[in-house]
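Engineer: Take a look at the following structure, please.
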Amino acid sequence: MRIPILTSKWATASRRFASVALPLVVLPLFVHRAGAMSTLAFEIVEALGLVLAVLAILAALVAFVRIWITGDKGWGRAVIGFIIGAACLAPAGLLAADFLRYPVADEVTTDPLNPPPLLSAIVPVPPSAAVAARLAAAFPNLKPRTYPIDPATVFSIVGGLVADDGWQVLRENEPDDGGNGGQINALAMSVFGFRDEVSIRLDPTADGTAVAVRSASLGPLHEPGAEGRRVQDFLAELDSRITAMQQGQPAGSDNAAPVPAPPPPQRLGKR
């Protein structure tokens with residue numbers, strides 16, 4: 001008498017959970033980034049996908065034990081379900097790591113006393129003293145900049161950097177000869193499609209141009225650390241471009257004075 005070898009129901013369930021979780025986790029990300037899905041709908045669908053991914057992993061673990069004991073078939077299905085479930089949970093794991101690493105703040109700015117104004121009607125909550133101290137520790141390069149270059153030249157460099165970062169310009173006011181500084185307000189997007197407004201203000205000084213930057217979340221939920229990384233990376237690249245421009249100028253030029261050394265740039269990757 002031949003004993004039939006059955007396929008583990010847990011293994012089958014794991015693969016089915018994973019096959020549903022994968023599109024629920026991946027597709028909404030692209031739709032949300034394209035602006036075709038609201039943030040609330042994106043979060044609901046993502047949460048459902050993550051729950052199914054967890055179920056896929058749990059079912060796979062049970063299947064591994066059952067198959068080992070009973071000798072049933074289904075190793076392949078369980079392994080596929082486990083791998084897909086883990087892959088679906090990986091972005092959530094990175095987001096959780098950011099929550100542990102960075103303080104949760106609605107905005108960051110290099111000028112807390114007089115931050116560059118926003119166009120958005122949303123009023124972000126300024127960080128408390130404790131959060132501000134953690135932000136300073138996490139992003140030591142978040143400091144105002146002063147360059148010995150005229151505002152028009154700095155504005156041109158800032159505008160090129162904004163374009164290279166792919167930010168959508170909402171408004172830009174160029175500096176004029178009357179002593180008025182310039183400003184650029186732009187819309188930036190994080191990896192998960194959350195929108196933030198970036199405001200960059202240029203003020204003329206006796207020796208050149210002062211630059212202040214602000215990045216604020218436009219929604220109640222956002223990626224922790226995204227604003228700080230964005231501003232710090234922007235300033236590091238701005239320092240680099242202005243330094244490179246000055247090094248390429250002929251000796252004796254009015255703008256050939258060296259840029260004051262900023263804090264050591266810490267480029268953490270764009271979001």
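Every chain in the structure tokens takes a letter, A first, then B, and so on in the order presented; its residues are numbered from 1, and the ligands are numbered from 1 following the presented order.
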What's the 9 Å shell around region 39-47 of chain A, counting only C-alpha atoms, without same-chain residues fewer than 3 positions away, as a PyMOL selection string?

Structural biologist: chain A and resi 21+24-26+28-29+31-32+35+50-52+193-194+219+221

Engineer: Gly179 (chain A): which residues within 10 Å, counting only C-alpha atoms, same-chain residues fewer than 5 positions away excluded, as an NGL selection string?

Structural biologist: :A and (151 or 203-205)

Engineer: Those residues with C-alpha atoms, as a compact mmCIF listing (two decimals), in the first residue's frame please?

Structural biologist:
# COMPACT_ATOMS: atom_id res chain seq x y z
CA PRO A 151 23.33 87.15 -4.57
CA ASP A 203 19.91 87.66 1.79
CA PRO A 204 22.58 90.15 0.70
CA THR A 205 25.27 90.90 3.27

Engineer: Which residue out of A:Val20, A:Leu58, A:Ala87, A:Leu238 has the minimum interatomic distance to Tyr147 (chain A) when only C-alpha atoms are used?

Structural biologist: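 Closest to Tyr147 (chain A), using only C-alpha atoms: A:Leu238.
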
Engineer: Run DSSP on the backbone and give me the residues of region 71-257 of chain A it puts in strand (DSSP E or B), as JSON, numbers by chain.

Structural biologist: {"A": [73, 107, 108, 109, 145, 146, 147, 168, 169, 170, 171, 172, 173, 182, 183, 184, 185, 186, 187, 188, 189, 195, 196, 197, 198, 199, 200, 201, 202, 203, 204, 209, 210, 211, 212, 213, 214, 215, 216, 217]}

Engineer: Do a neighbour search on Gly166 (chain A) at 9 Å with only C-alpha atoms, toss out local chain neighbours closer than 3 positions, and write the hits as a ChimeraX atom specification.

Structural biologist: /A:161-163,188-189

Engineer: Using only C-alpha atoms, please write the residues we just selected to a file, as a PDB file, in the first residue's frame.

Structural biologist:
ATOM      1  CA  LEU A 161      20.886  72.626  -7.917  1.00  0.00           C
ATOM      2  CA  VAL A 162      17.106  72.675  -7.387  1.00  0.00           C
ATOM      3  CA  ALA A 163      16.616  71.583 -11.002  1.00  0.00           C
ATOM      4  CA  ALA A 188      10.248  67.881  -3.096  1.00  0.00           C
ATOM      5  CA  MET A 189       9.234  64.231  -2.845  1.00  0.00           C
TER       6      MET A 189
END

Engineer: Separation of CA of Pro127 (chain A) and CA of Asp106 (chain A), in Å?

Structural biologist: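 CA of Pro127 (chain A) sits 7.4 Å away from CA of Asp106 (chain A).
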
Engineer: Interatomic distance between CA of Asp165 (chain A) and CA of Ala210 (chain A)?

Structural biologist: 21.2 Å

Engineer: Looking at A:Arg33, A:Arg214, A:Arg15, A:Arg77, which one is nearest to Asp111 (chain A), with distances taken over only C-alpha atoms?

Structural biologist: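 Using only C-alpha atoms, the shortest distance to Asp111 (chain A) belongs to A:Arg214.
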